[in-house]
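Have a look at my_file_14.cif; it's mmCIF, C-alpha atoms:
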```
data_target
#
loop_
_atom_site.group_PDB
_atom_site.id
_atom_site.type_symbol
_atom_site.label_atom_id
_atom_site.label_comp_id
_atom_site.auth_asym_id
_atom_site.auth_seq_id
_atom_site.Cartn_x
_atom_site.Cartn_y
_atom_site.Cartn_z
ATOM 1 C CA MET A 1 0.000 0.000 0.000
ATOM 2 C CA THR A 2 2.791 2.413 0.967
ATOM 3 C CA THR A 3 4.709 1.601 -2.214
ATOM 4 C CA THR A 4 1.642 2.372 -4.323
ATOM 5 C CA LEU A 5 1.152 5.704 -2.555
ATOM 6 C CA LEU A 6 4.750 6.696 -3.189
ATOM 7 C CA LEU A 7 4.464 5.887 -6.886
ATOM 8 C CA ILE A 8 1.650 8.425 -7.347
ATOM 9 C CA PRO A 9 3.858 11.538 -6.815
ATOM 10 C CA LEU A 10 6.328 10.125 -9.334
ATOM 11 C CA LEU A 11 3.671 9.631 -12.016
ATOM 12 C CA LEU A 12 1.509 12.740 -11.611
ATOM 13 C CA PRO A 13 4.109 15.189 -13.044
ATOM 14 C CA CYS A 14 3.847 13.297 -16.334
ATOM 15 C CA ALA A 15 0.421 14.922 -16.824
ATOM 16 C CA SER A 16 1.890 18.424 -16.524
ATOM 17 C CA PRO A 17 2.965 18.875 -20.197
ATOM 18 C CA PHE A 18 -0.608 18.408 -21.484
ATOM 19 C CA LEU A 19 -2.148 20.626 -18.797
ATOM 20 C CA THR A 20 0.570 23.238 -19.265
ATOM 21 C CA ARG A 21 -0.212 23.650 -22.957
ATOM 22 C CA ARG A 22 -3.905 24.080 -22.174
ATOM 23 C CA ILE A 23 -3.245 26.683 -19.488
ATOM 24 C CA LEU A 24 -1.045 28.705 -21.844
ATOM 25 C CA ASP A 25 -3.931 28.908 -24.305
ATOM 26 C CA HIS A 26 -6.676 29.794 -21.858
ATOM 27 C CA ARG A 27 -5.242 31.775 -18.945
ATOM 28 C CA SER A 28 -3.982 35.325 -18.685
ATOM 29 C CA PRO A 29 -0.154 35.492 -18.541
ATOM 30 C CA VAL A 30 0.047 36.571 -14.888
ATOM 31 C CA ALA A 31 -2.461 33.947 -13.739
ATOM 32 C CA ALA A 32 -0.699 31.279 -15.792
ATOM 33 C CA LEU A 33 2.671 32.313 -14.352
ATOM 34 C CA TRP A 34 1.480 31.814 -10.773
ATOM 35 C CA THR A 35 -0.455 28.633 -11.555
ATOM 36 C CA LEU A 36 2.404 26.937 -13.379
ATOM 37 C CA THR A 37 5.111 27.942 -10.909
ATOM 38 C CA VAL A 38 3.286 26.974 -7.723
ATOM 39 C CA SER A 39 2.069 23.701 -9.243
ATOM 40 C CA ALA A 40 5.571 22.845 -10.473
ATOM 41 C CA LEU A 41 7.018 23.442 -7.004
ATOM 42 C CA LEU A 42 4.383 21.243 -5.353
ATOM 43 C CA LEU A 43 4.877 18.464 -7.896
ATOM 44 C CA ALA A 44 8.641 18.705 -7.393
ATOM 45 C CA ALA A 45 8.228 18.555 -3.613
ATOM 46 C CA GLY A 46 6.091 15.428 -3.908
ATOM 47 C CA THR A 47 8.682 13.808 -6.175
ATOM 48 C CA VAL A 48 11.587 14.531 -3.819
ATOM 49 C CA ALA A 49 9.621 13.340 -0.776
ATOM 50 C CA ALA A 50 8.670 10.080 -2.501
ATOM 51 C CA LEU A 51 12.210 9.382 -3.709
ATOM 52 C CA GLY A 52 13.624 10.212 -0.284
ATOM 53 C CA THR A 53 11.180 7.866 1.427
ATOM 54 C CA PHE A 54 12.059 5.049 -0.979
ATOM 55 C CA ALA A 55 15.771 5.622 -0.339
ATOM 56 C CA VAL A 56 15.391 5.622 3.449
ATOM 57 C CA THR A 57 13.251 2.483 3.379
ATOM 58 C CA GLY A 58 15.849 0.636 1.345
ATOM 59 C CA LEU A 59 18.734 1.768 3.551
ATOM 60 C CA LEU A 60 17.001 0.584 6.705
ATOM 61 C CA ASP A 61 16.540 -2.821 5.108
ATOM 62 C CA ILE A 62 20.341 -3.207 5.147
ATOM 63 C CA PRO A 63 21.573 -4.636 8.499
ATOM 64 C CA ALA A 64 24.321 -2.048 8.997
ATOM 65 C CA PHE A 65 21.917 0.884 8.568
ATOM 66 C CA ALA A 66 19.226 -0.907 10.568
ATOM 67 C CA ALA A 67 21.681 -1.041 13.466
ATOM 68 C CA LEU A 68 22.395 2.676 13.120
ATOM 69 C CA GLY A 69 18.656 3.293 13.171
ATOM 70 C CA GLU A 70 18.339 1.234 16.360
ATOM 71 C CA LEU A 71 15.825 -1.138 14.787
ATOM 72 C CA VAL A 72 15.135 -4.048 17.111
ATOM 73 C CA HIS A 73 12.598 -5.637 14.746
ATOM 74 C CA PRO A 74 12.748 -6.103 10.962
ATOM 75 C CA LEU A 75 11.300 -3.154 9.077
ATOM 76 C CA ARG A 76 8.071 -4.076 7.348
ATOM 77 C CA THR A 77 8.876 -3.683 3.663
ATOM 78 C CA PRO A 78 8.159 -5.466 0.383
ATOM 79 C CA SER A 79 10.563 -8.135 -0.809
ATOM 80 C CA GLU A 80 14.268 -7.215 -0.704
ATOM 81 C CA ARG A 81 14.458 -8.084 -4.400
ATOM 82 C CA LEU A 82 12.050 -5.207 -4.995
ATOM 83 C CA ILE A 83 12.809 -2.581 -2.372
ATOM 84 C CA LEU A 84 16.621 -2.584 -2.594
ATOM 85 C CA PRO A 85 16.829 -1.888 -6.373
ATOM 86 C CA VAL A 86 14.065 0.718 -6.072
ATOM 87 C CA ALA A 87 15.842 2.377 -3.141
ATOM 88 C CA ALA A 88 19.152 2.380 -5.011
ATOM 89 C CA LEU A 89 17.483 3.937 -8.055
ATOM 90 C CA ALA A 90 15.765 6.574 -5.889
ATOM 91 C CA ALA A 91 19.033 7.467 -4.152
ATOM 92 C CA GLY A 92 20.805 7.676 -7.491
ATOM 93 C CA LEU A 93 18.146 9.964 -8.955
ATOM 94 C CA LEU A 94 18.268 12.242 -5.915
ATOM 95 C CA THR A 95 22.052 12.419 -6.131
ATOM 96 C CA LEU A 96 22.051 13.192 -9.865
ATOM 97 C CA GLY A 97 19.330 15.810 -9.462
ATOM 98 C CA THR A 98 21.160 17.503 -6.584
ATOM 99 C CA PHE A 99 24.427 17.522 -8.522
ATOM 100 C CA ALA A 100 22.784 18.960 -11.654
ATOM 101 C CA LEU A 101 20.949 21.616 -9.634
ATOM 102 C CA GLY A 102 24.112 22.593 -7.780
ATOM 103 C CA ARG A 103 26.079 22.864 -11.021
ATOM 104 C CA SER A 104 23.330 24.990 -12.577
ATOM 105 C CA ALA A 105 23.192 27.256 -9.503
ATOM 106 C CA VAL A 106 26.969 27.768 -9.493
ATOM 107 C CA ARG A 107 27.017 28.523 -13.225
ATOM 108 C CA GLN A 108 24.144 30.973 -12.991
ATOM 109 C CA ALA A 109 25.550 32.707 -9.909
ATOM 110 C CA ALA A 110 28.884 33.151 -11.692
ATOM 111 C CA GLY A 111 27.126 34.539 -14.768
ATOM 112 C CA LEU A 112 25.153 36.973 -12.631
ATOM 113 C CA ARG A 113 28.267 38.203 -10.820
ATOM 114 C CA THR A 114 30.053 38.734 -14.129
ATOM 115 C CA ALA A 115 27.099 40.573 -15.667
ATOM 116 C CA ARG A 116 26.645 42.837 -12.646
ATOM 117 C CA SER A 117 30.370 43.563 -12.483
ATOM 118 C CA GLN A 118 30.349 44.602 -16.130
ATOM 119 C CA ALA A 119 27.207 46.707 -15.655
ATOM 120 C CA GLU A 120 28.657 48.522 -12.653
ATOM 121 C CA ARG A 121 31.596 49.698 -14.770
ATOM 122 C CA ARG A 122 29.261 51.343 -17.280
ATOM 123 C CA PRO A 123 27.561 54.728 -16.966
ATOM 124 C CA VAL A 124 23.885 54.457 -16.052
ATOM 125 C CA ALA A 125 20.847 56.646 -16.601
ATOM 126 C CA GLY A 126 18.282 55.684 -14.011
ATOM 127 C CA ASP A 127 17.993 51.915 -14.318
ATOM 128 C CA LEU A 128 19.383 51.871 -17.870
ATOM 129 C CA CYS A 129 22.916 50.637 -18.518
ATOM 130 C CA VAL A 130 24.283 51.064 -22.059
ATOM 131 C CA VAL A 131 27.051 48.723 -23.211
ATOM 132 C CA ASP A 132 29.175 49.749 -26.178
ATOM 133 C CA SER A 133 28.838 46.708 -28.448
ATOM 134 C CA PRO A 134 27.875 46.250 -32.111
ATOM 135 C CA HIS A 135 25.874 43.119 -31.219
ATOM 136 C CA PRO A 136 22.180 43.978 -30.638
ATOM 137 C CA ASP A 137 21.067 42.766 -27.222
ATOM 138 C CA ALA A 138 18.944 43.841 -24.252
ATOM 139 C CA TYR A 139 17.954 42.107 -21.041
ATOM 140 C CA ALA A 140 16.756 42.654 -17.489
ATOM 141 C CA LEU A 141 19.532 42.206 -14.930
ATOM 142 C CA PRO A 142 18.176 41.072 -11.534
ATOM 143 C CA GLY A 143 19.589 42.148 -8.199
ATOM 144 C CA ARG A 144 19.802 45.406 -6.289
ATOM 145 C CA PRO A 145 19.587 47.890 -7.832
ATOM 146 C CA HIS A 146 17.677 46.622 -10.862
ATOM 147 C CA ARG A 147 19.302 47.255 -14.204
ATOM 148 C CA ILE A 148 18.223 47.146 -17.838
ATOM 149 C CA VAL A 149 21.258 46.331 -19.963
ATOM 150 C CA VAL A 150 21.140 47.347 -23.627
ATOM 151 C CA THR A 151 23.876 47.457 -26.236
ATOM 152 C CA THR A 152 24.525 50.318 -28.629
ATOM 153 C CA GLY A 153 23.865 47.858 -31.440
ATOM 154 C CA MET A 154 20.318 47.316 -30.186
ATOM 155 C CA LEU A 155 19.758 51.065 -29.772
ATOM 156 C CA ARG A 156 20.741 51.602 -33.410
ATOM 157 C CA ALA A 157 18.430 48.796 -34.560
ATOM 158 C CA LEU A 158 15.279 50.388 -33.088
ATOM 159 C CA ARG A 159 13.402 53.636 -33.488
ATOM 160 C CA PRO A 160 13.034 55.841 -30.359
ATOM 161 C CA ASP A 161 9.437 54.769 -29.692
ATOM 162 C CA GLU A 162 10.387 51.106 -30.145
ATOM 163 C CA ARG A 163 13.212 51.553 -27.652
ATOM 164 C CA GLU A 164 10.738 52.792 -25.065
ATOM 165 C CA ALA A 165 8.559 49.720 -25.622
ATOM 166 C CA LEU A 166 11.604 47.460 -25.259
ATOM 167 C CA PHE A 167 12.694 49.195 -22.062
ATOM 168 C CA ALA A 168 9.155 48.886 -20.683
ATOM 169 C CA HIS A 169 9.257 45.145 -21.378
ATOM 170 C CA GLU A 170 12.581 44.641 -19.585
ATOM 171 C CA ARG A 171 11.480 46.907 -16.726
ATOM 172 C CA ALA A 172 8.365 44.750 -16.294
ATOM 173 C CA HIS A 173 10.605 41.709 -15.725
ATOM 174 C CA ASN A 174 12.341 43.453 -12.843
ATOM 175 C CA THR A 175 9.263 44.981 -11.244
ATOM 176 C CA GLY A 176 7.302 41.740 -11.638
ATOM 177 C CA GLY A 177 10.002 39.685 -9.929
ATOM 178 C CA HIS A 178 10.058 37.236 -12.826
ATOM 179 C CA ARG A 179 13.522 36.038 -11.799
ATOM 180 C CA TYR A 180 11.939 34.273 -8.819
ATOM 181 C CA PHE A 181 9.490 32.409 -11.036
ATOM 182 C CA LEU A 182 12.306 31.389 -13.374
ATOM 183 C CA ALA A 183 14.445 30.196 -10.457
ATOM 184 C CA ALA A 184 11.545 28.161 -9.039
ATOM 185 C CA ALA A 185 10.896 26.566 -12.431
ATOM 186 C CA GLU A 186 14.602 25.739 -12.763
ATOM 187 C CA LEU A 187 14.535 24.061 -9.348
ATOM 188 C CA ALA A 188 11.457 22.012 -10.236
ATOM 189 C CA ALA A 189 12.943 20.923 -13.574
ATOM 190 C CA HIS A 190 15.836 19.246 -11.764
ATOM 191 C CA CYS A 191 13.445 17.229 -9.596
ATOM 192 C CA HIS A 192 11.481 15.447 -12.337
ATOM 193 C CA PRO A 193 12.149 15.212 -16.110
ATOM 194 C CA ALA A 194 8.504 15.898 -16.970
ATOM 195 C CA LEU A 195 8.750 19.300 -15.274
ATOM 196 C CA ARG A 196 11.329 20.508 -17.786
ATOM 197 C CA GLY A 197 8.448 21.348 -20.105
ATOM 198 C CA VAL A 198 6.894 23.433 -17.329
ATOM 199 C CA ARG A 199 10.195 25.317 -16.996
ATOM 200 C CA GLU A 200 10.032 26.298 -20.668
ATOM 201 C CA ALA A 201 6.384 27.254 -20.281
ATOM 202 C CA VAL A 202 7.184 29.490 -17.294
ATOM 203 C CA ARG A 203 9.840 31.243 -19.367
ATOM 204 C CA LEU A 204 7.333 31.837 -22.151
ATOM 205 C CA VAL A 205 4.613 33.074 -19.796
ATOM 206 C CA ALA A 206 7.065 35.435 -18.075
ATOM 207 C CA GLU A 207 7.808 36.973 -21.470
ATOM 208 C CA ARG A 208 4.096 37.190 -22.267
ATOM 209 C CA ALA A 209 3.424 38.908 -18.942
ATOM 210 C CA ALA A 210 6.185 41.433 -19.684
ATOM 211 C CA ASP A 211 4.779 41.927 -23.205
ATOM 212 C CA GLU A 212 1.371 42.828 -21.816
ATOM 213 C CA ALA A 213 2.874 45.125 -19.171
ATOM 214 C CA ALA A 214 4.901 46.916 -21.845
ATOM 215 C CA ALA A 215 1.855 47.314 -24.086
ATOM 216 C CA THR A 216 -0.034 48.857 -21.185
ATOM 217 C CA ALA A 217 2.870 51.158 -20.307
ATOM 218 C CA VAL A 218 3.307 52.566 -23.820
ATOM 219 C CA GLY A 219 -0.399 52.388 -24.651
ATOM 220 C CA ASP A 220 0.142 50.747 -28.038
ATOM 221 C CA ARG A 221 0.024 46.997 -28.619
ATOM 222 C CA ARG A 222 1.144 47.258 -32.256
ATOM 223 C CA LEU A 223 4.158 49.338 -31.295
ATOM 224 C CA THR A 224 5.110 46.809 -28.622
ATOM 225 C CA ALA A 225 4.731 43.908 -31.049
ATOM 226 C CA ARG A 226 6.831 45.704 -33.666
ATOM 227 C CA ALA A 227 9.553 46.552 -31.131
ATOM 228 C CA ILE A 228 9.810 42.947 -29.917
ATOM 229 C CA ALA A 229 9.836 41.564 -33.455
ATOM 230 C CA ARG A 230 12.543 43.981 -34.656
ATOM 231 C CA ALA A 231 14.643 43.441 -31.523
ATOM 232 C CA ALA A 232 14.413 39.660 -31.935
ATOM 233 C CA LEU A 233 15.371 39.864 -35.614
ATOM 234 C CA ALA A 234 18.329 42.097 -34.812
ATOM 235 C CA ALA A 235 19.536 39.862 -31.983
ATOM 236 C CA HIS A 236 18.971 36.605 -33.860
ATOM 237 C CA ALA A 237 22.216 36.669 -35.826
ATOM 238 C CA ALA A 238 24.307 38.215 -33.045
ATOM 239 C CA ASP A 239 26.380 36.513 -30.363
ATOM 240 C CA SER A 240 25.131 37.388 -26.887
ATOM 241 C CA ASP A 241 27.113 37.649 -23.648
ATOM 242 C CA ARG A 242 23.867 37.675 -21.692
ATOM 243 C CA PRO A 243 23.635 35.215 -18.767
ATOM 244 C CA ALA A 244 21.460 32.279 -19.810
ATOM 245 C CA PHE A 245 18.942 32.751 -17.000
ATOM 246 C CA THR A 246 18.184 36.448 -17.502
ATOM 247 C CA PRO A 247 14.770 37.306 -19.005
ATOM 248 C CA ALA A 248 14.895 39.178 -22.296
ATOM 249 C CA ALA A 249 12.373 40.348 -24.865
ATOM 250 C CA THR A 250 14.219 38.561 -27.678
ATOM 251 C CA THR A 251 13.887 35.056 -26.172
ATOM 252 C CA GLY A 252 11.211 32.412 -26.542
ATOM 253 C CA PRO A 253 8.761 31.861 -29.429
ATOM 254 C CA VAL A 254 8.634 35.474 -30.592
ATOM 255 C CA PRO A 255 6.093 34.918 -33.441
ATOM 256 C CA ARG A 256 3.593 33.478 -30.947
ATOM 257 C CA ARG A 257 4.109 36.426 -28.606
ATOM 258 C CA VAL A 258 3.751 38.941 -31.414
ATOM 259 C CA ALA A 259 0.539 37.260 -32.572
ATOM 260 C CA ALA A 260 -0.873 37.547 -29.053
ATOM 261 C CA LEU A 261 -0.046 41.256 -28.928
ATOM 262 C CA LEU A 262 -1.683 41.812 -32.301
ATOM 263 C CA SER A 263 -4.936 40.228 -31.162
ATOM 264 C CA PRO A 264 -7.878 42.652 -30.903
ATOM 265 C CA ALA A 265 -7.353 45.267 -28.186
ATOM 266 C CA GLY A 266 -8.965 44.398 -24.897
ATOM 267 C CA ARG A 267 -9.431 40.768 -25.844
ATOM 268 C CA THR A 268 -8.487 38.436 -22.992
ATOM 269 C CA PRO A 269 -7.923 34.687 -23.178
ATOM 270 C CA ARG A 270 -10.965 32.532 -22.524
ATOM 271 C CA ILE A 271 -10.658 31.226 -18.970
ATOM 272 C CA VAL A 272 -11.190 27.513 -18.485
ATOM 273 C CA PRO A 273 -11.085 27.063 -14.702
ATOM 274 C CA TRP A 274 -11.156 23.278 -14.788
ATOM 275 C CA ILE A 275 -7.686 23.141 -16.353
ATOM 276 C CA ALA A 276 -6.108 25.160 -13.557
ATOM 277 C CA VAL A 277 -8.137 23.225 -10.986
ATOM 278 C CA LEU A 278 -6.971 19.915 -12.456
ATOM 279 C CA LEU A 279 -3.322 20.967 -12.394
ATOM 280 C CA ALA A 280 -3.692 22.234 -8.823
ATOM 281 C CA ALA A 281 -5.390 18.967 -7.853
ATOM 282 C CA CYS A 282 -2.485 16.965 -9.288
ATOM 283 C CA ALA A 283 -0.039 19.081 -7.289
ATOM 284 C CA VAL A 284 -2.006 18.739 -4.037
ATOM 285 C CA ILE A 285 -2.534 14.999 -4.491
ATOM 286 C CA SER A 286 1.186 14.595 -5.185
ATOM 287 C CA CYS A 287 2.158 16.276 -1.924
ATOM 288 C CA ALA A 288 -0.616 14.556 0.067
ATOM 289 C CA THR A 289 0.251 11.044 -1.104
ATOM 290 C CA ALA A 290 3.975 11.637 -0.590
ATOM 291 C CA ALA A 291 3.321 12.902 2.944
ATOM 292 C CA THR A 292 0.996 9.977 3.692
ATOM 293 C CA GLY A 293 3.542 7.478 2.410
ATOM 294 C CA ALA A 294 6.362 9.102 4.392
ATOM 295 C CA LEU A 295 4.214 9.104 7.557
ATOM 296 C CA SER A 296 3.389 5.430 7.058
ATOM 297 C CA VAL A 297 7.079 4.567 6.725
ATOM 298 C CA HIS A 298 7.843 6.644 9.817
ATOM 299 C CA GLN A 299 5.275 4.662 11.792
ATOM 300 C CA ASP A 300 6.784 1.398 10.515
ATOM 301 C CA ILE A 301 10.203 2.598 11.696
ATOM 302 C CA GLU A 302 8.817 3.349 15.147
ATOM 303 C CA VAL A 303 7.368 -0.152 15.309
ATOM 304 C CA ALA A 304 10.708 -1.627 14.234
ATOM 305 C CA GLN A 305 12.428 0.402 16.943
ATOM 306 C CA GLY A 306 10.046 -1.003 19.524
ATOM 307 C CA GLU A 307 8.519 2.424 20.167
ATOM 308 C CA ALA A 308 4.959 1.193 19.666
ATOM 309 C CA SER A 309 5.232 -1.337 22.466
ATOM 310 C CA ARG A 310 6.582 1.064 25.105
#
```

Kindly return the structure encoded in the file as structure tokens.
Amino acid sequence: MTTTLLLIPLLLPCASPFLTRRILDHRSPVAALWTLTVSALLLAAGTVAALGTFAVTGLLDIPAFAALGELVHPLRTPSERLILPVAALAAGLLTLGTFALGRSAVRQAAGLRTARSQAERRPVAGDLCVVDSPHPDAYALPGRPHRIVVTTGMLRALRPDEREALFAHERAHNTGGHRYFLAAAELAAHCHPALRGVREAVRLVAERAADEAAATAVGDRRLTARAIARAALAAHAADSDRPAFTPAATTGPVPRRVAALLSPAGRTPRIVPWIAVLLAACAVISCATAATGALSVHQDIEVAQGEASR
């Protein structure tokens, strides 16, 4: 029974790619950003809890670890032929995921330090930092204080009104705290392979949210769409020194974003609540079953330690 419960959190994230695509089509960008990020974190938490419980159960089935755990009775588990390979696989997956996440965090932290160091050596105007480079590029640089980094090549590629739309887009990333959503999605993606698709979806929705904020700020959806399209075309053939994790108007499926901006003014996506409810239900069930399974194993450990008979 416990084994079945712990399998549920490992299988539920596999439904996230289908639900993610539906949410992108039928939710507003900000609502989709919150829904996808929170659900991904809950699904990731359920996955880690289930794998950790499997690993602990297998370890305590080994005499040496059972002695360390002060087990005076055999731990009630399925057959050793089943639990030991499953526990070894779970431990291996947790180790690989932790290593990959740590490597990604170190790489991104180094990229951020380098980018901020370079930005601090440049003259700034408000939150705008201009880098003298022929390669068109622009991105939102997180941290305190917030910065919008733009190259002279990008400034030359856009008209003045298009520059304002681009700056409004990048400014929306900083004011909206999109870096936190991207970091949470990155964390979740290292916990379960199926959540990698959610990470890409969160990146897209963050760009869509910034697109809409920029359109509101400049008061012209066509201008915003044109600015993003021209910036993306200019940056497409150029090499970028931008850190991989920084949000930027030129990333993601730009044609899809431009099409959304060119939709009739005031038109909002049709809301289908059951999709968000279903994704939230998967996330809650994942955490609940993982917690129930872990609690059951904890009770079995207490029995094996003789606690229940005291």

Do you know which residues the PyMOL selection byres ((chain A and resi 257) around 9) returns on this file, as number ranges by chain?
-> A: 204, 207-208, 211, 225, 228, 252-256, 258-262

Would you work out the distance separating CA of Thr246 (chain A) from CA of Phe18 (chain A), expressed in Å to one decimal?
->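 It comes out at 26.4 Å.
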
Could you name the residues that touch Gly97 (chain A) at 12 Å or less, counting only C-alpha atoms, but leaving out those on the same chain fewer than 5 positions away, as an MDAnalysis selection string?
-> chainID A and resid 44 47:48 51 90:92 102:104 186:193

Identify which of the residues A:Met154, A:Val198, A:Ala291, A:Val106 lies closest to Thr35 (chain A), counting all atoms listed in the file when measuring atom-to-atom distances.
->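 Under the stated criterion, the closest residue is A:Val198.
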
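When the distance limit is 6 Å and all atoms listed in the file are what count, the residues near region 3-7 of chain A, minus those fewer than 3 positions from it on the same chain, are Leu10, Ala50, Thr289, Ala290 and Gly293 of chain A.
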
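CA of Pro17 (chain A) to CA of Thr98 (chain A) spans 22.8 Å [interatomic distance, one decimal].
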
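CA of Ala294 (chain A) lies 24.3 Å from CA of Thr37 (chain A).
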
Given the PyMOL selection byres ((chain A and resi 111-118) around 10), the residues it picks as a VMD selection string | chain A and resid 105 to 110 119 to 122 129 131 141 to 147 149 241 to 246

Neighbourhood query: residues within 12 Å of (18.6, 0.0, -5.8), file coordinates, counting all atoms listed in the file; return as a list of chain:residue names.
-> A:Leu51, A:Phe54, A:Ala55, A:Val56, A:Thr57, A:Gly58, A:Leu59, A:Asp61, A:Ile62, A:Glu80, A:Arg81, A:Leu82, A:Ile83, A:Leu84, A:Pro85, A:Val86, A:Ala87, A:Ala88, A:Leu89, A:Ala90, A:Ala91, A:Gly92, A:Leu93
